[in-house]
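Peer 1: What follows is run_34.cif, mmCIF, C-alpha atoms.
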data_upload
#
loop_
_atom_site.label_atom_id
_atom_site.label_comp_id
_atom_site.auth_asym_id
_atom_site.auth_seq_id
_atom_site.Cartn_x
_atom_site.Cartn_y
_atom_site.Cartn_z
CA MET K 1 -25.72 -0.02 -19.60
CA ARG K 2 -26.05 2.93 -17.25
CA LEU K 3 -28.29 2.17 -14.33
CA SER K 4 -31.14 4.52 -13.53
CA ARG K 5 -30.27 4.54 -9.83
CA ARG K 6 -27.01 5.13 -8.03
CA LEU K 7 -25.32 2.21 -6.36
CA SER K 8 -24.23 2.45 -2.75
CA LEU K 9 -20.61 1.96 -1.74
CA SER K 10 -21.34 -1.51 -0.37
CA GLU K 11 -22.96 -2.53 -3.66
CA ILE K 12 -19.95 -1.23 -5.61
CA PHE K 13 -17.38 -2.97 -3.45
CA LEU K 14 -19.20 -6.24 -2.59
CA VAL K 15 -17.68 -8.41 -5.34
CA PRO K 16 -14.23 -6.73 -5.21
CA LEU K 17 -14.17 -7.33 -1.44
CA ILE K 18 -15.03 -11.03 -1.87
CA LEU K 19 -12.25 -11.37 -4.45
CA PHE K 20 -9.84 -9.47 -2.19
CA ILE K 21 -10.50 -11.92 0.65
CA ALA K 22 -10.45 -15.01 -1.64
CA THR K 23 -7.05 -14.00 -3.07
CA GLY K 24 -5.71 -13.25 0.40
CA VAL K 25 -6.81 -16.65 1.70
CA GLY K 26 -5.25 -18.26 -1.39
CA LEU K 27 -1.94 -16.50 -0.81
CA VAL K 28 -1.76 -17.64 2.81
CA THR K 29 -3.03 -21.25 2.65
CA ALA K 30 -0.25 -22.53 0.34
CA LEU K 31 2.24 -21.28 2.93
CA LEU K 32 0.67 -23.50 5.59
CA GLY K 33 1.05 -26.86 3.89
CA ALA K 34 0.62 -28.97 0.76
CA GLY K 35 -2.30 -31.03 -0.55
CA LEU K 36 -5.65 -29.49 0.44
CA TRP K 37 -3.93 -26.23 1.41
CA ASP K 38 -2.55 -25.93 -2.11
CA ILE K 39 -5.94 -26.64 -3.67
CA ILE K 40 -7.64 -23.93 -1.57
CA SER K 41 -4.86 -21.60 -2.67
CA TRP K 42 -5.41 -22.35 -6.37
CA VAL K 43 -9.16 -21.72 -6.07
CA GLY K 44 -8.52 -18.40 -4.29
CA LEU K 45 -6.05 -17.21 -6.91
CA LEU K 46 -8.19 -18.48 -9.79
CA ALA K 47 -11.15 -16.32 -8.64
CA PRO K 48 -9.85 -12.93 -9.91
CA VAL K 49 -8.60 -14.47 -13.17
CA ALA K 50 -11.96 -16.16 -13.78
CA VAL K 51 -13.86 -12.91 -13.10
CA ILE K 52 -11.75 -11.01 -15.67
CA VAL K 53 -12.45 -13.70 -18.30
CA TRP K 54 -16.16 -13.71 -17.41
CA ALA K 55 -16.49 -9.91 -17.62
CA TRP K 56 -14.57 -9.70 -20.87
CA ASN K 57 -16.69 -12.45 -22.47
CA ARG K 58 -19.95 -10.67 -21.70
CA ARG K 59 -18.69 -7.22 -22.78
CA SER K 60 -21.43 -5.25 -24.45
CA HIS K 61 -21.18 -3.65 -27.87
CA LYS K 62 -24.37 -1.62 -27.31
CA HIS K 63 -24.30 1.98 -26.09
CA MET C 1 -16.60 12.53 -1.13
CA THR C 2 -16.65 15.93 -2.70
CA ASN C 3 -15.82 16.54 -6.36
CA GLY C 4 -12.63 18.25 -5.23
CA ALA C 5 -11.50 15.27 -3.19
CA ILE C 6 -12.16 12.89 -6.07
CA ARG C 7 -10.14 15.11 -8.40
CA ALA C 8 -7.27 15.19 -5.90
CA TRP C 9 -7.24 11.38 -5.63
CA TYR C 10 -7.39 11.18 -9.40
CA GLN C 11 -4.30 13.40 -9.64
CA VAL C 12 -2.49 11.17 -7.12
CA HIS C 13 -3.46 8.14 -9.20
CA LYS C 14 -2.34 9.76 -12.44
CA TRP C 15 1.05 11.01 -11.28
CA THR C 16 2.16 8.02 -9.19
CA SER C 17 1.15 5.75 -12.09
CA LEU C 18 2.92 7.82 -14.72
CA VAL C 19 6.20 7.80 -12.81
CA CYS C 20 6.26 4.08 -12.01
CA THR C 21 4.53 2.50 -15.03
CA VAL C 22 7.58 2.09 -17.30
CA PHE C 23 9.51 0.37 -14.50
CA LEU C 24 6.54 -1.72 -13.43
CA LEU C 25 6.06 -2.87 -17.03
CA MET C 26 9.74 -3.89 -17.11
CA LEU C 27 9.31 -5.74 -13.79
CA CYS C 28 6.17 -7.56 -14.94
CA ILE C 29 7.68 -8.55 -18.30
CA THR C 30 11.01 -9.77 -16.84
CA GLY C 31 9.10 -11.35 -13.95
CA LEU C 32 7.05 -13.56 -16.28
CA PRO C 33 9.91 -15.91 -17.33
CA LEU C 34 11.36 -15.72 -13.80
CA ILE C 35 8.21 -17.42 -12.42
CA PHE C 36 9.29 -20.50 -14.39
CA HIS C 37 13.07 -20.09 -13.95
CA GLU C 38 13.44 -23.52 -12.35
CA GLU C 39 11.71 -25.26 -15.27
CA ILE C 40 13.60 -23.15 -17.84
CA ASP C 41 16.95 -23.87 -16.16
CA HIS C 42 16.21 -27.59 -16.26
CA LEU C 43 15.33 -27.37 -19.94
CA LEU C 44 18.50 -25.42 -20.76
CA GLU C 45 20.90 -27.44 -18.64
CA GLY C 46 19.28 -30.85 -18.73
CA GLU C 47 18.09 -32.85 -15.74
CA GLN C 48 20.74 -34.63 -13.66
CA THR C 49 19.97 -38.20 -12.74
CA LEU C 50 21.59 -39.91 -9.78
CA THR C 51 22.92 -43.45 -9.93
CA ALA C 52 20.26 -45.95 -8.83
CA LEU C 53 21.25 -47.40 -5.46
CA PRO C 54 19.27 -49.44 -2.91
CA ALA C 55 17.01 -47.20 -0.81
CA ASP C 56 18.80 -48.20 2.41
CA THR C 57 22.27 -47.20 1.16
CA PRO C 58 23.94 -45.47 4.12
CA MET C 59 24.99 -41.83 3.78
CA ARG C 60 28.67 -40.93 3.74
CA SER C 61 29.77 -38.25 6.16
CA LEU C 62 29.63 -34.59 5.21
CA ASP C 63 33.37 -34.37 5.91
CA GLU C 64 34.02 -36.97 3.22
CA ALA C 65 31.87 -35.08 0.69
CA LEU C 66 33.65 -31.84 1.61
CA ALA C 67 37.08 -33.46 1.15
CA THR C 68 36.10 -34.68 -2.33
CA ALA C 69 34.90 -31.20 -3.30
CA LEU C 70 38.10 -29.56 -2.03
CA LYS C 71 40.27 -32.10 -3.87
CA ALA C 72 38.50 -31.07 -7.09
CA HIS C 73 39.37 -27.40 -6.44
CA PRO C 74 42.97 -27.29 -5.19
CA GLY C 75 43.98 -24.09 -3.44
CA GLU C 76 40.37 -23.12 -2.69
CA VAL C 77 38.59 -22.81 0.65
CA PRO C 78 35.01 -23.89 1.44
CA LEU C 79 32.42 -21.08 1.85
CA PHE C 80 29.04 -22.83 1.98
CA MET C 81 27.51 -26.26 1.91
CA SER C 82 23.83 -26.41 0.98
CA PHE C 83 21.44 -29.34 1.16
CA ASP C 84 19.12 -30.33 -1.70
CA GLU C 85 15.45 -30.55 -0.84
CA ASP C 86 14.35 -33.77 -2.51
CA ARG C 87 17.51 -35.82 -3.09
CA PRO C 88 20.57 -36.88 -1.08
CA VAL C 89 22.79 -34.22 -2.63
CA VAL C 90 24.92 -31.50 -1.04
CA ASN C 91 26.41 -28.54 -2.88
CA VAL C 92 29.77 -27.17 -1.78
CA THR C 93 30.70 -23.62 -2.73
CA THR C 94 34.44 -22.95 -2.87
CA ALA C 95 36.61 -19.97 -3.83
CA LEU C 96 40.21 -18.78 -3.55
CA SER C 97 39.27 -16.67 -0.51
CA VAL C 98 36.34 -16.24 1.88
CA THR C 99 35.92 -12.70 0.51
CA SER C 100 35.82 -13.71 -3.19
CA PRO C 101 32.88 -12.23 -5.15
CA VAL C 102 30.04 -14.51 -6.26
CA GLU C 103 31.30 -14.59 -9.87
CA ALA C 104 34.59 -16.12 -8.66
CA MET C 105 32.93 -18.94 -6.71
CA ASN C 106 32.75 -22.56 -7.85
CA PHE C 107 30.21 -25.15 -6.83
CA THR C 108 30.47 -28.93 -6.59
CA SER C 109 27.38 -31.11 -6.16
CA LEU C 110 27.97 -34.46 -4.49
CA ASP C 111 25.88 -37.57 -4.03
CA LEU C 112 25.91 -38.19 -0.27
CA ARG C 113 25.46 -41.95 -0.73
CA THR C 114 28.76 -42.25 -2.62
CA ALA C 115 30.53 -38.94 -1.83
CA GLU C 116 31.08 -38.67 -5.59
CA ILE C 117 30.70 -35.56 -7.71
CA VAL C 118 27.48 -35.35 -9.75
CA ALA C 119 27.91 -31.83 -11.13
CA GLN C 120 30.19 -28.82 -10.90
CA GLY C 121 30.37 -25.33 -12.30
CA ASN C 122 30.70 -21.68 -11.39
CA PHE C 123 28.45 -18.73 -10.61
CA ALA C 124 29.56 -16.57 -13.54
CA THR C 125 26.48 -14.69 -14.68
CA ASP C 126 26.26 -15.15 -18.41
CA GLY C 127 23.01 -16.93 -19.25
CA VAL C 128 19.89 -15.21 -20.56
CA MET C 129 18.01 -16.02 -17.32
CA ASP C 130 20.79 -14.37 -15.26
CA PHE C 131 20.47 -11.29 -17.47
CA ILE C 132 16.69 -11.15 -16.96
CA LEU C 133 17.08 -11.70 -13.20
CA GLN C 134 19.65 -8.91 -12.84
CA LEU C 135 17.48 -6.52 -14.86
CA HIS C 136 14.54 -7.41 -12.60
CA ILE C 137 16.49 -6.96 -9.34
CA ASP C 138 18.55 -3.81 -9.93
CA MET C 139 18.80 -3.00 -13.67
CA PHE C 140 22.57 -3.69 -13.35
CA LEU C 141 22.91 -0.69 -11.03
CA GLY C 142 23.64 -2.52 -7.78
CA LEU C 143 22.11 -1.47 -4.50
CA LYS C 144 21.13 1.96 -5.87
CA GLY C 145 19.12 0.34 -8.64
CA GLU C 146 17.55 -2.05 -6.18
CA LEU C 147 16.42 0.70 -3.81
CA PHE C 148 15.17 2.78 -6.76
CA LEU C 149 12.95 -0.11 -7.91
CA GLY C 150 11.78 -0.44 -4.30
CA PHE C 151 10.66 3.19 -4.41
CA MET C 152 8.87 2.52 -7.71
CA GLY C 153 7.09 -0.32 -5.89
CA LEU C 154 5.90 2.12 -3.23
CA LEU C 155 4.58 4.44 -5.95
CA PHE C 156 2.80 1.44 -7.52
CA PHE C 157 1.18 0.72 -4.16
CA THR C 158 0.03 4.36 -3.90
CA ALA C 159 -1.33 4.15 -7.46
CA LEU C 160 -3.32 1.02 -6.53
CA VAL C 161 -4.83 2.59 -3.39
CA SER C 162 -5.76 5.84 -5.16
CA GLY C 163 -7.07 3.75 -8.05
CA VAL C 164 -9.51 2.00 -5.70
CA VAL C 165 -10.66 5.38 -4.31
CA VAL C 166 -11.52 6.71 -7.78
CA TYR C 167 -13.07 3.35 -8.75
CA ALA C 168 -16.14 4.11 -6.62
CA PRO C 169 -17.35 7.25 -8.45
CA PHE C 170 -16.70 5.55 -11.80
CA MET C 171 -18.93 2.65 -10.85
CA ARG C 172 -21.87 4.65 -9.40
CA ARG C 173 -24.16 3.67 -12.27
CA LEU C 174 -22.50 0.55 -13.60
CA ASN C 175 -22.93 -3.02 -12.45
CA PHE C 176 -19.79 -4.84 -11.36
CA GLY C 177 -17.96 -6.39 -14.30
CA THR C 178 -19.46 -4.11 -16.97
CA VAL C 179 -17.20 -3.71 -20.02
CA ARG C 180 -18.61 -1.26 -22.55
CA ALA C 181 -17.00 -2.34 -25.82
CA ALA C 182 -18.82 0.05 -28.17
CA ARG C 183 -16.05 2.64 -27.99
CA PRO C 184 -12.35 1.80 -27.51
CA ARG C 185 -11.94 4.43 -24.81
CA LEU C 186 -14.72 3.05 -22.63
CA LYS C 187 -13.67 -0.52 -23.34
CA TRP C 188 -10.12 0.05 -22.11
CA LEU C 189 -11.24 2.26 -19.24
CA ASP C 190 -13.61 -0.46 -17.99
CA THR C 191 -10.96 -3.16 -18.51
CA HIS C 192 -8.36 -1.10 -16.64
CA ASN C 193 -10.71 -0.51 -13.71
CA LEU C 194 -11.90 -4.12 -13.64
CA ILE C 195 -8.42 -5.67 -13.62
CA GLY C 196 -7.19 -3.15 -11.08
CA VAL C 197 -9.95 -3.83 -8.58
CA VAL C 198 -10.13 -7.63 -8.90
CA THR C 199 -6.36 -8.26 -8.77
CA LEU C 200 -5.87 -5.71 -5.97
CA MET C 201 -4.85 -8.16 -3.22
CA TRP C 202 -2.39 -10.02 -5.44
CA ALA C 203 -0.85 -6.81 -6.81
CA VAL C 204 -0.52 -5.30 -3.32
CA VAL C 205 1.12 -8.44 -1.90
CA VAL C 206 3.51 -9.01 -4.82
CA GLY C 207 4.28 -5.27 -4.95
CA LEU C 208 4.99 -4.78 -1.25
CA THR C 209 6.94 -8.05 -0.85
CA GLY C 210 8.99 -6.89 -3.84
CA VAL C 211 9.68 -3.63 -1.98
CA ILE C 212 10.77 -5.61 1.11
CA ASN C 213 13.05 -7.77 -1.05
CA THR C 214 14.83 -4.64 -2.32
CA LEU C 215 15.87 -4.08 1.32
CA ALA C 216 17.52 -7.53 1.56
CA THR C 217 21.10 -6.23 1.60
CA PRO C 218 20.66 -3.46 4.19
CA LEU C 219 18.47 -5.69 6.42
CA THR C 220 20.97 -8.57 6.33
CA ASP C 221 23.83 -6.17 7.08
CA TYR C 222 21.91 -4.72 10.00
CA TRP C 223 21.26 -8.22 11.35
CA ARG C 224 24.96 -9.09 10.99
CA PHE C 225 26.14 -5.96 12.78
CA THR C 226 23.66 -6.31 15.66
CA GLU C 227 22.40 -9.85 16.40
CA LEU C 228 25.21 -11.87 14.82
CA ALA C 229 27.88 -9.52 16.19
CA ASP C 230 26.34 -10.01 19.63
CA MET C 231 26.36 -13.81 19.28
CA ILE C 232 30.03 -13.94 18.31
CA ALA C 233 31.31 -11.06 20.47
CA PRO C 234 33.37 -13.34 22.78
CA TYR C 235 35.31 -14.59 19.75
CA GLU C 236 36.08 -11.18 18.25
CA GLY C 237 39.51 -10.76 16.68
CA GLN C 238 40.36 -14.46 16.61
CA PRO C 239 41.81 -15.70 13.30
CA VAL C 240 40.13 -18.30 11.07
CA PRO C 241 41.22 -21.64 12.57
CA THR C 242 43.50 -23.78 10.42
CA GLN C 243 42.40 -27.09 11.95
CA MET C 244 38.62 -27.42 11.94
CA SER C 245 36.44 -29.83 13.86
CA SER C 246 34.12 -32.29 12.06
CA LEU C 247 31.48 -30.66 9.88
CA ASN C 248 29.29 -33.74 10.17
CA GLU C 249 29.32 -33.49 13.99
CA ALA C 250 28.58 -29.75 13.82
CA VAL C 251 25.42 -30.33 11.75
CA LEU C 252 24.27 -33.12 14.11
CA ILE C 253 24.76 -30.90 17.18
CA ALA C 254 22.87 -28.04 15.52
CA LYS C 255 19.94 -30.31 14.57
CA ALA C 256 19.80 -31.67 18.12
CA ALA C 257 19.61 -28.11 19.47
CA ALA C 258 16.50 -27.36 17.35
CA PRO C 259 14.34 -30.49 17.02
CA GLY C 260 12.10 -30.73 13.95
CA THR C 261 14.40 -28.76 11.71
CA ARG C 262 16.56 -29.61 8.72
CA PRO C 263 19.77 -27.87 7.66
CA GLN C 264 19.38 -25.48 4.72
CA PHE C 265 23.04 -24.56 4.47
CA VAL C 266 26.24 -24.28 6.47
CA ALA C 267 28.35 -21.13 6.31
CA PHE C 268 32.02 -21.88 6.92
CA PRO C 269 34.23 -19.79 9.23
CA GLY C 270 35.06 -16.38 7.76
CA VAL C 271 32.12 -15.91 5.36
CA ARG C 272 29.41 -13.26 5.54
CA PHE C 273 26.82 -15.48 7.22
CA SER C 274 29.12 -16.76 9.95
CA SER C 275 32.00 -15.64 12.18
CA ASN C 276 35.74 -16.21 11.79
CA HIS C 277 35.47 -18.94 14.32
CA HIS C 278 32.24 -20.83 13.67
CA TYR C 279 30.33 -23.12 11.43
CA ALA C 280 26.98 -21.35 11.13
CA VAL C 281 24.41 -24.09 10.54
CA TRP C 282 21.22 -22.51 9.17
CA LEU C 283 18.25 -24.68 10.09
CA LYS C 284 14.78 -24.51 8.57
CA GLY C 285 11.33 -25.86 9.45
CA ALA C 286 9.30 -28.42 7.53
CA THR C 287 6.28 -26.52 6.06
CA PRO C 288 6.41 -23.87 3.29
CA ALA C 289 5.93 -21.19 5.97
CA THR C 290 8.34 -22.50 8.60
CA GLU C 291 10.95 -23.46 6.00
CA GLN C 292 11.35 -19.74 5.47
CA ILE C 293 12.08 -19.31 9.16
CA LEU C 294 15.81 -19.87 9.44
CA THR C 295 17.45 -20.47 12.80
CA PRO C 296 21.22 -20.05 12.80
CA ALA C 297 23.19 -22.29 15.18
CA LEU C 298 26.82 -21.32 15.74
CA ILE C 299 29.18 -24.25 16.29
CA ASP C 300 32.72 -23.49 17.45
CA ALA C 301 34.89 -24.82 14.59
CA THR C 302 37.91 -25.48 16.81
CA ASN C 303 36.26 -27.80 19.33
CA GLY C 304 32.86 -28.61 17.83
CA THR C 305 30.69 -27.26 20.68
CA LEU C 306 27.49 -25.23 20.38
CA THR C 307 28.14 -21.53 21.08
CA ASP C 308 24.66 -20.07 20.53
CA ILE C 309 21.38 -20.64 18.70
CA ARG C 310 18.90 -17.82 18.17
CA LYS C 311 15.64 -17.18 16.39
CA MET C 312 15.76 -14.58 13.63
CA PRO C 313 14.40 -11.13 14.49
CA TRP C 314 11.06 -10.02 13.00
CA TYR C 315 12.57 -8.00 10.15
CA MET C 316 14.57 -11.01 8.94
CA LEU C 317 11.40 -13.14 9.12
CA ALA C 318 9.53 -10.52 7.08
CA LEU C 319 12.34 -10.60 4.54
CA ARG C 320 12.32 -14.39 4.37
CA LEU C 321 8.50 -14.62 4.05
CA SER C 322 8.55 -11.95 1.36
CA GLN C 323 10.44 -14.26 -0.95
CA PRO C 324 7.82 -16.98 -1.62
CA LEU C 325 5.01 -14.40 -1.59
CA HIS C 326 6.84 -12.45 -4.29
CA PHE C 327 8.03 -15.40 -6.40
CA GLY C 328 4.84 -17.53 -6.28
CA ASP C 329 6.91 -20.71 -6.05
CA TYR C 330 5.28 -22.27 -3.01
CA GLY C 331 2.14 -23.87 -4.43
CA GLY C 332 3.22 -26.11 -7.30
CA MET C 333 2.77 -25.62 -11.04
CA PRO C 334 -0.92 -24.50 -10.85
CA MET C 335 0.15 -21.60 -8.64
CA LYS C 336 2.94 -20.65 -11.05
CA ILE C 337 0.45 -20.61 -13.93
CA LEU C 338 -2.01 -18.45 -11.94
CA TRP C 339 0.91 -16.17 -10.98
CA ALA C 340 1.72 -15.79 -14.69
CA LEU C 341 -1.93 -15.04 -15.59
CA LEU C 342 -2.19 -12.42 -12.83
CA ASP C 343 1.11 -10.95 -14.04
CA ILE C 344 -0.26 -10.73 -17.60
CA ALA C 345 -3.45 -9.10 -16.24
CA THR C 346 -1.25 -6.52 -14.50
CA ILE C 347 0.65 -5.87 -17.76
CA ILE C 348 -2.74 -5.22 -19.44
CA MET C 349 -3.75 -2.90 -16.59
CA LEU C 350 -0.50 -0.94 -16.84
CA SER C 351 -0.60 -0.62 -20.62
CA THR C 352 -4.28 0.33 -20.75
CA GLY C 353 -3.51 2.95 -18.10
CA VAL C 354 -0.84 4.51 -20.30
CA TRP C 355 -3.07 4.18 -23.37
CA LEU C 356 -5.94 6.00 -21.62
CA TRP C 357 -3.64 8.83 -20.56
CA LEU C 358 -2.19 9.20 -24.08
CA ALA C 359 -5.62 9.00 -25.71
CA LYS C 360 -6.97 11.69 -23.41
CA ARG C 361 -4.02 13.97 -24.12
CA LYS C 362 -4.59 13.61 -27.88
CA SER C 363 -8.33 14.10 -27.69
CA SER C 364 -9.59 17.60 -28.62
CA THR C 365 -12.02 17.60 -25.71
CA PRO C 366 -9.77 16.63 -22.83
CA ARG C 367 -11.17 15.56 -19.48
CA ILE C 368 -14.81 15.50 -20.58
CA ALA C 369 -14.93 11.76 -21.09
CA VAL C 370 -13.65 11.25 -17.58
CA THR C 371 -15.42 14.02 -15.71
CA ALA C 372 -18.72 12.92 -17.25
CA GLN C 373 -18.27 9.64 -15.41
CA VAL C 374 -17.10 11.16 -12.17
CA LYS C 375 -20.15 12.12 -10.18
CA PRO C 376 -19.70 13.25 -6.62
CA ALA C 377 -20.38 10.53 -4.11
CA GLU C 378 -22.24 11.26 -0.93
#
When written as structure tokens, how does the structure in this file appear?

Peer 2:
Amino acid sequence: MRLSRRLSLSEIFLVPLILFIATGVGLVTALLGAGLWDIISWVGLLAPVAVIVWAWNRRSHKH
Amino acid sequence: MTNGAIRAWYQVHKWTSLVCTVFLLMLCITGLPLIFHEEIDHLLEGEQTLTALPADTPMRSLDEALATALKAHPGEVPLFMSFDEDRPVVNVTTALSVTSPVEAMNFTSLDLRTAEIVAQGNFATDGVMDFILQLHIDMFLGLKGELFLGFMGLLFFTALVSGVVVYAPFMRRLNFGTVRAARPRLKWLDTHNLIGVVTLMWAVVVGLTGVINTLATPLTDYWRFTELADMIAPYEGQPVPTQMSSLNEAVLIAKAAAPGTRPQFVAFPGVRFSSNHHYAVWLKGATPATEQILTPALIDATNGTLTDIRKMPWYMLALRLSQPLHFGDYGGMPMKILWALLDIATIIMLSTGVWLWLAKRKSSTPRIAVTAQVKPAE
């Protein structure tokens, strides 16, 4: 579980930053129009939800 | 960051969270059914169906629809007429006086193709959804309650920011997305941190737009006493006219003054969103973003001429745009479902946060579990 080396700040925040931007894009695009704009929005908002489900499914019971 | 700085941020996170969590939990739980309020209302009240008529049936005039509505409510005056989005229906709000409270107002929905009534009722707040909405807006405490919840929203924002700052030292030796399920404490700590960091953008936007929405009353009042007062200054002190010009003409003149817009609603002379002397025709744009941008056109109700048309100032635009971004009602049913899932994730984050704090307080070796994880960052 615990890594032998320490992660840098950019390693720690890489995925959170991608999700931050994806959600932000998703929140804005649906304001701009319907159709494709809505679909981009759904993908952007689905990203954080999908990551929570993914992380929870691979949770480790080992120490 | 030094150990001291991390501890300070952790204290900020702990105390802002502790103060706002109970209220945020209430907001998230009441907010969940509110995401689907339209669908729930339809289920509870049943869908109205309009009479089938040929597609090219001409529209009756707005004046005719208004006259029908007023005949159904003798002794009442018109306050607003609003326009349905996806069907040829207008809704007329009437009351005994232009200053009547919302609970005393009646509405009449009319089919514009026939000028006949399709539905009527009042705005008395008695349903379960009204109860949930009022709890969510102000906890039945009026403006004070509203502003208090706005302050809780600011604390929530501070808790999110400080939470991200302390996330870094926690994750020094853990890969992104790690959930250690061997011990409950670590499992909930990892879940809390994970949800907090991945839903950050959504929580910040919904939180801050919620804060802006709590300022709706003061911002609207400010706009009325500055911009609107300025627009109607030449007419100050004049009484509400007894003979009014054509409403239908007023809406046509307003639309012509702002091409590409549709009317959202008309405020009649004397009500809060107009002057004593004008029809205020509130026009909106055609996309989800521009339909939030309302442009009021003031039409002199004695002679039917355009007095003034002005764009809304930036703070009213911010207020208007804060509504869809808070409600999540601008991207169809998939967006509503995602909004609900993100809301549930936030409920889990809030409750695991409280659980972690309680568990630590009970534990005989306080702080160790946390400080062991917190290594100073360079």

Peer 1: Show me a table, sorted first by chain and then by increasing residue number, of the residues of chain C having an atom at most 8 Å from chain K, each with its shortest atom pair and the distance in Å to one decimal, counting only C-alpha atoms and written as a tab-separated table.

Peer 2:
residue	atom	partner	partner_atom	distance
C:Ala168	CA	K:Ile12	CA	6.6
C:Met171	CA	K:Ile12	CA	6.6
C:Arg172	CA	K:Leu7	CA	5.2
C:Arg173	CA	K:Leu3	CA	4.9
C:Leu174	CA	K:Arg2	CA	5.6
C:Asn175	CA	K:Ile12	CA	7.7
C:Phe176	CA	K:Ile12	CA	6.8
C:Gly177	CA	K:Ala55	CA	5.1
C:Thr178	CA	K:Ala55	CA	6.5
C:Val179	CA	K:Arg59	CA	4.7
C:Arg180	CA	K:Ser60	CA	5.2
C:Ala181	CA	K:His61	CA	4.8
C:Ala182	CA	K:His61	CA	4.4
C:Thr191	CA	K:Trp56	CA	7.8
C:Leu194	CA	K:Ile52	CA	7.2
C:Ile195	CA	K:Ile52	CA	6.6
C:Val197	CA	K:Pro16	CA	6.2
C:Val198	CA	K:Pro48	CA	5.4
C:Thr199	CA	K:Pro48	CA	5.9
C:Leu200	CA	K:Phe20	CA	6.6
C:Met201	CA	K:Phe20	CA	5.3
C:Trp202	CA	K:Thr23	CA	6.6
C:Thr287	CA	K:Gly33	CA	5.7
C:Pro288	CA	K:Leu31	CA	4.9
C:Ala289	CA	K:Leu31	CA	4.8
C:Leu325	CA	K:Leu27	CA	7.3
C:Tyr330	CA	K:Ala30	CA	6.5
C:Gly331	CA	K:Ala30	CA	5.5
C:Gly332	CA	K:Asp38	CA	7.8
C:Pro334	CA	K:Trp42	CA	6.7
C:Met335	CA	K:Trp42	CA	6.1
C:Leu338	CA	K:Leu46	CA	6.5
C:Leu341	CA	K:Val49	CA	7.1
C:Leu342	CA	K:Val49	CA	6.7

Peer 1: Near range 223-225 of chain C, counting all atoms listed in the file, which residues have an atom at most 10 Å away, once you skip same-chain residues fewer than 2 positions from it, shown as a list of chain:residue names?

Peer 2: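 Returned residues: C:Thr217, C:Pro218, C:Leu219, C:Thr220, C:Asp221, C:Glu227, C:Leu228, C:Ala229, C:Asp230, C:Met231, C:Arg272, C:Phe273, C:Ser274, C:Ser275, C:Met312, C:Pro313, C:Tyr315, C:Met316.
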
Peer 1: Might you spell out which residues the PyMOL selection byres ((chain C and resi 114) around 12) would select in the displayed file, as a list in words?

Peer 2: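 Expected selection for the PyMOL selection byres ((chain C and resi 114) around 12) here is Leu50, Thr51, Ala52, Leu53, Pro54, Thr57, Pro58, Met59, Arg60, Ser61, Leu62, Glu64, Ala65, Thr68, Pro88, Val89, Val90, Ser109, Leu110, Asp111, Leu112, Arg113, Ala115, Glu116, Ile117 and Val118 of chain C.
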
Peer 1: Might you pull out every residue within 12 Å of range 99-101 of chain C, with all atoms listed in the file counted and same-chain residues fewer than 5 positions away left off, and present them as a short mmCIF file (atom, residue, chain, number, x, y, z; two decimals) with C-alpha atoms, in the coordinates of the input?

Peer 2:
data_model
loop_
_atom_site.label_atom_id
_atom_site.label_comp_id
_atom_site.auth_asym_id
_atom_site.auth_seq_id
_atom_site.Cartn_x
_atom_site.Cartn_y
_atom_site.Cartn_z
CA GLU C 76 40.37 -23.12 -2.69
CA VAL C 77 38.59 -22.81 0.65
CA PRO C 78 35.01 -23.89 1.44
CA LEU C 79 32.42 -21.08 1.85
CA THR C 93 30.70 -23.62 -2.73
CA THR C 94 34.44 -22.95 -2.87
CA ASN C 106 32.75 -22.56 -7.85
CA ASN C 122 30.70 -21.68 -11.39
CA PHE C 123 28.45 -18.73 -10.61
CA ALA C 124 29.56 -16.57 -13.54
CA THR C 125 26.48 -14.69 -14.68
CA PHE C 268 32.02 -21.88 6.92
CA PRO C 269 34.23 -19.79 9.23
CA GLY C 270 35.06 -16.38 7.76
CA VAL C 271 32.12 -15.91 5.36
CA ARG C 272 29.41 -13.26 5.54
CA PHE C 273 26.82 -15.48 7.22
CA ASN C 276 35.74 -16.21 11.79
#

Peer 1: Let me know the residues the PyMOL selection byres ((chain C and resi 206) around 9) catches in the file above, as number ranges by chain.

Peer 2: C: 201-205, 207-211, 322, 325-328

Peer 1: Go ahead and compute the interatomic distance for CA of Ala254 in chain C and CA of Ala216 in chain C, in Å to one decimal.

Peer 2: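 Separating CA of Ala254 in chain C from CA of Ala216 in chain C is a distance of 25.4 Å.
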
Peer 1: Determine the nearest neighbour of Asp308 in chain C from the options C:Leu160, C:Ala233, C:Met333, C:Leu247, counting all atoms listed in the file.

Peer 2: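 Among the listed residues, the smallest separation from Asp308 in chain C belongs to C:Ala233.
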
Peer 1: Using all atoms of range 5-24 of chain K that appear in the file, construct an axis-aligned enclosing box with 4 Å of padding on every side and provide its centre coordinates and edge lengths in Å, rounded to one decimal, as JSON.

Peer 2:
{"center_x": -18.0, "center_y": -4.9, "center_z": -4.6, "size_x": 32.6, "size_y": 28.1, "size_z": 18.5}

Peer 1: For Leu149 in chain C, which of C:Leu43, C:Ala104, C:Ala297, C:Leu135 is the closest residue, counting only C-alpha atoms?

Peer 2: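 Selected residue with least distance to Leu149 in chain C: C:Leu135.
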
Peer 1: Just to confirm, what's the straight-line distance from CA of Glu103 in chain C to CA of Pro33 in chain C in Å (one decimal)?

Peer 2: 22.7 Å

Peer 1: Could you jot down the CA of Asp41 in chain C to CA of Glu146 in chain C separation for me, Å, one decimal place?

Peer 2: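 If I compute the distance from CA of Asp41 in chain C to CA of Glu146 in chain C, I get 24.0 Å.
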